[in-house]
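Have a look at the structure below before the remarks.
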Amino acid sequence: MNDDTPAPYCSVLLIDDEAMAEDLIGYRLSQHADIRLRYDARAELAVSLCRETEATVVLVDLRMPGPDGFDVIRLLRAAPETDHVPIILLSSEDDADTKARAFALGANDYLVKWPEARELEARIRYHSGAYQARCQRDAAFLELRQREAELRASQAALHQAQKMEAIGQLTGGIAHDFNNVLQVIGGNLQLVKMIGGVNPQGLARVDNALNGVERGARLAAHLLAFARRQPLQAAVVALAPLLANMDDMLRRVLGAQAQVLTDLAPQLWHTEVDVSQLNNVILNLAINARDAMQGDGTLTIRARNVAAGAPLPDSQGACQCDYVLIEIADTGAGMPPEVLQRAFEPFFTTKPTGQGTGLGLSMAYGFVKQSGGEIALHSEVGHGTCVQIYLPRSHGTPAGAAPDTAAPLSGGVETILVVEDEDDVRAATADLLAALGYDVLSSADGEQAAHLIEDGAHIDLLFTDVVMPGRVSSLALSELVKRKLPQAQILFTSGYAEGVLAHDGKLPPGVHLLPKPYSAETLSARIRQLLHQRATASTAA
């Protein structure tokens with residue numbers, strides 16, 4: 001069996017003021033092809049010569065004009081790159097004091113001129129091999145330390161990801177219950193307004209309370225976005241006009257003293273994303289930038305295509321697919337490393353109490369991750385902050401923009417079945433729909449509602465909570481309605497529908513979801529929209 005591993009070579013640097021030393025040493029080593037000799041008389045250049053020749057052993061004469069052998073030992077031991085290179089001192093003096101001084105300065109060996117060839121070769125090989133073994137050991141230790149550092153970084157990243165996931169699960173559950181509470185409060189306040197008989201002062205207080213419900217709903221929406229539990233109404237969109245059209249809105253947010261710059265690369269790819277949520281993310285980032293710049297600075301929005309294989313931010317590897325990169329950069333105060341590390345955590349904020357919820361960046365983090373993208377944050381104190389959002393490329397064709405019209409509160413005479421396990425929510429919703437003129441049936445769970453349908457109840461629309469106890473789920477109930485009453489429309493509602501309706505965080509086509517808490521105007525508009533679709537479909541048939 002042949003060993004193809006090359007034998008270690010010996011690179012010998014000989015420093016001597018007499019040229020004949022090269023001939024004598026060279027003659028003794030000439031029979032060994034793996035020993036390379038370099039001679040030089042310039043003792044003052046010992047360090048640079050050692051580096052240049054990659055010496056594994058240095059032979060140096062003791063008595064030389066100018067720097068002598070002792071000086072060469074000092075020079076080599078003082079330089080970090082040569083402090084461990086073996087040094088053999090050559091001398092015509094076989095003196096114990098001289099030897100002791102040489103070893104004290106750092107010499108590895110001492111030979112009296114001129115040593116016999118076999119002894120010289122043996123000593124050179126011994127010291128050269130020991131030095132190369134030390135270099136290999138040091139390289140192995142260095143690689144081990146690097147691997148340990150990489151492992152610590154990976155463990156820290158895993159710990160952070162696990163922490164964010166745990167926080168996400170907690171906040172998702174809290175948001176669900178919070179939304180139900182808000183729905184009870186908001187629904188009853190809306191009923192108070194509709195019933196009437198309240199004086200102007202009372203109405204003002206009701207409106208203030210409804211504004212609080214709306215703020216609470218936005219807070220819960222941010223929590224769900226961070227937790228990646230909010231179903232996304234994703235659609236293929238052309239980013240260039242969308243980002244360009246945000247210019248005016250961002251200028252109003254930032255104020256007159258700030259400047260907004262837009263730098264969009266030509267031929268930007270399309271992406272599939274929830275447009276309203278993306279607008280919300282950019283708006284929140286702009287608000288953060290405004291606060292960081294104290295109303296006076298420059299906000300830059302850049303967008304470009306990033307092909308598969310390009311490096312992802314923060315050493316996350318290479319892109320596995322094509323992305324569109326959106327960067328939102330400001331010239332604000334920037335963040336120190338300890339703040340940057342926690343910036344995506346919900347409720348973490350450096351602002352004074354009452355001046356920020358700490359949910360803007362966490363909401364952006366959750367939304368981007370749920371959309372299949374990546375997000376990175378780069379910041380330095382005094383040099384501003386840049387948020388990078390990577391969204392996967394879509395090869396689909398953008399759909400036409402839906403008209404953004406706010407329909408007035410309106411009702412009808414159709415029959416609506418309300419299915420909700422929370423008694424207070426069900427009562428408030430049923431009373432609200434009844435006040436709008438609808439004929440309302442209500443059930444506490446899917447099983448009770450299924451019995452109504454099986455017994456022949458006619459309904460025009462099923463309005464059902466997504467997550468309910470009992471043997472009949474909301475999905476099973478909706479399938480029953482489709483079979484028994486194919487003309488009936490189905491509208492789901494939930495404060496937390498993840499894992500039931502949404503697939504990979506996105507609602508399938510044809511599924512209609514109204515997130516809790518909803519206002520009377522929003523509920524009435526969605527119901528009228530669906531019932532209008534039902535009437536249009538019947539006419540066409």
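Residue names in the structure tokens use chain letters A, B, ... in the order shown, residue numbers from 1 in each chain, and ligand numbers from 1 in the order shown.
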
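Summary of the local environment: counting only C-alpha atoms, residues at most 9 Å from segment 101-104 of chain A, other than itself and those fewer than 5 positions away along its chain, are Gly69, Phe70, Ile73, Leu89, Ala96, Asp109 and Tyr110 of chain A.
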
Just write the chosen residues, all heavy atoms, as a JSON list (two decimals), in the first residue's frame.
```json
[["chain", "number", "residue", "atom", "x", "y", "z"],
["A", 69, "GLY", "N", 25.25, 36.17, 16.97],
["A", 69, "GLY", "CA", 24.26, 35.12, 17.11],
["A", 69, "GLY", "C", 23.26, 35.39, 18.22],
["A", 69, "GLY", "O", 22.06, 35.09, 18.10],
["A", 70, "PHE", "N", 23.73, 35.96, 19.33],
["A", 70, "PHE", "CA", 22.82, 36.29, 20.43],
["A", 70, "PHE", "C", 21.77, 37.33, 19.98],
["A", 70, "PHE", "O", 20.59, 37.24, 20.33],
["A", 70, "PHE", "CB", 23.59, 36.84, 21.63],
["A", 70, "PHE", "CG", 24.49, 35.81, 22.28],
["A", 70, "PHE", "CD1", 25.77, 36.14, 22.67],
["A", 70, "PHE", "CD2", 24.03, 34.52, 22.51],
["A", 70, "PHE", "CE1", 26.60, 35.21, 23.30],
["A", 70, "PHE", "CE2", 24.84, 33.58, 23.12],
["A", 70, "PHE", "CZ", 26.14, 33.92, 23.51],
["A", 73, "ILE", "N", 19.09, 35.71, 17.88],
["A", 73, "ILE", "CA", 18.11, 34.99, 18.72],
["A", 73, "ILE", "C", 17.10, 35.98, 19.29],
["A", 73, "ILE", "O", 15.89, 35.75, 19.29],
["A", 73, "ILE", "CB", 18.84, 34.24, 19.85],
["A", 73, "ILE", "CG1", 19.73, 33.14, 19.28],
["A", 73, "ILE", "CG2", 17.81, 33.63, 20.82],
["A", 73, "ILE", "CD1", 20.61, 32.46, 20.33],
["A", 89, "LEU", "N", 22.40, 27.40, 17.37],
["A", 89, "LEU", "CA", 23.53, 28.31, 17.41],
["A", 89, "LEU", "C", 24.81, 27.53, 17.07],
["A", 89, "LEU", "O", 25.09, 26.47, 17.66],
["A", 89, "LEU", "CB", 23.65, 28.95, 18.79],
["A", 89, "LEU", "CG", 24.64, 30.11, 18.93],
["A", 89, "LEU", "CD1", 24.22, 31.28, 18.06],
["A", 89, "LEU", "CD2", 24.74, 30.55, 20.39],
["A", 96, "ALA", "N", 30.55, 26.24, 28.46],
["A", 96, "ALA", "CA", 29.29, 26.04, 29.19],
["A", 96, "ALA", "C", 28.55, 27.35, 29.40],
["A", 96, "ALA", "O", 27.32, 27.43, 29.28],
["A", 96, "ALA", "CB", 29.55, 25.36, 30.53],
["A", 109, "ASP", "N", 19.16, 24.70, 20.29],
["A", 109, "ASP", "CA", 20.27, 23.76, 20.24],
["A", 109, "ASP", "C", 21.58, 24.53, 20.09],
["A", 109, "ASP", "O", 21.58, 25.72, 19.75],
["A", 109, "ASP", "CB", 20.09, 22.78, 19.07],
["A", 109, "ASP", "CG", 20.69, 21.42, 19.36],
["A", 109, "ASP", "OD1", 21.57, 21.33, 20.24],
["A", 109, "ASP", "OD2", 20.27, 20.44, 18.70],
["A", 110, "TYR", "N", 22.66, 23.81, 20.30],
["A", 110, "TYR", "CA", 24.00, 24.42, 20.25],
["A", 110, "TYR", "C", 24.95, 23.39, 19.65],
["A", 110, "TYR", "O", 25.04, 22.26, 20.15],
["A", 110, "TYR", "CB", 24.45, 24.80, 21.66],
["A", 110, "TYR", "CG", 25.71, 25.62, 21.75],
["A", 110, "TYR", "CD1", 25.64, 27.00, 21.91],
["A", 110, "TYR", "CD2", 26.98, 25.02, 21.69],
["A", 110, "TYR", "CE1", 26.79, 27.76, 22.02],
["A", 110, "TYR", "CE2", 28.14, 25.76, 21.78],
["A", 110, "TYR", "CZ", 28.04, 27.15, 21.94],
["A", 110, "TYR", "OH", 29.18, 27.91, 22.04]]
```

Exercise. Could you pull the residues within 10 Å of Val472 of chain A, counting only C-alpha atoms, minus those fewer than 6 positions along the same chain, as a VMD selection string?
Worked result: chain A and resid 445 to 450 478

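All residues within segment 221-300 of chain A that the backbone DSSP calculation assigns to strand (DSSP E or B) are A:Leu232, A:Ala235, A:Val236, A:Val237, A:Ala238, A:Gln259, A:Val260, A:Leu261, A:Thr262, A:Asp263, A:Leu264, A:His270, A:Thr271, A:Glu272, A:Val273, A:Thr298, A:Leu299, A:Thr300.
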
Problem set entry | Selection near Arg134 of chain A, 10 Å with only C-alpha atoms, sequence-local residues under 6 positions removed, as a count of residues only | 4

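For the choices A:Leu254, A:Ile87, A:Ala79, A:Ile195, the atom-to-atom distance to Ala434 of chain A is smallest for A:Ile195 when using only C-alpha atoms.
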
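Atom to atom, atom CA of Gly212 of chain A and atom CA of Asn288 of chain A stand 22.1 Å apart.
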
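Across the model, the gap from atom CA of Leu513 of chain A to atom CA of Val425 of chain A is 16.6 Å.
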
For this session: Please provide as number ranges by chain all residues within 12 Å of Ile490 of chain A, with the sequence filter that same-chain residues fewer than 4 positions apart are discarded (counting only C-alpha atoms).
Result: A: 416-419, 459-466, 474-475, 477-482, 485-486, 510-514, 526-527, 529-531, 533-534

Exercise. Can you list, as number ranges by chain, every protein, DNA or RNA residue that comes within 8 Å of Ala376 of chain A when you count only C-alpha atoms, leaving out same-chain residues fewer than 5 positions away?
Worked result: A: 313-314, 387-389
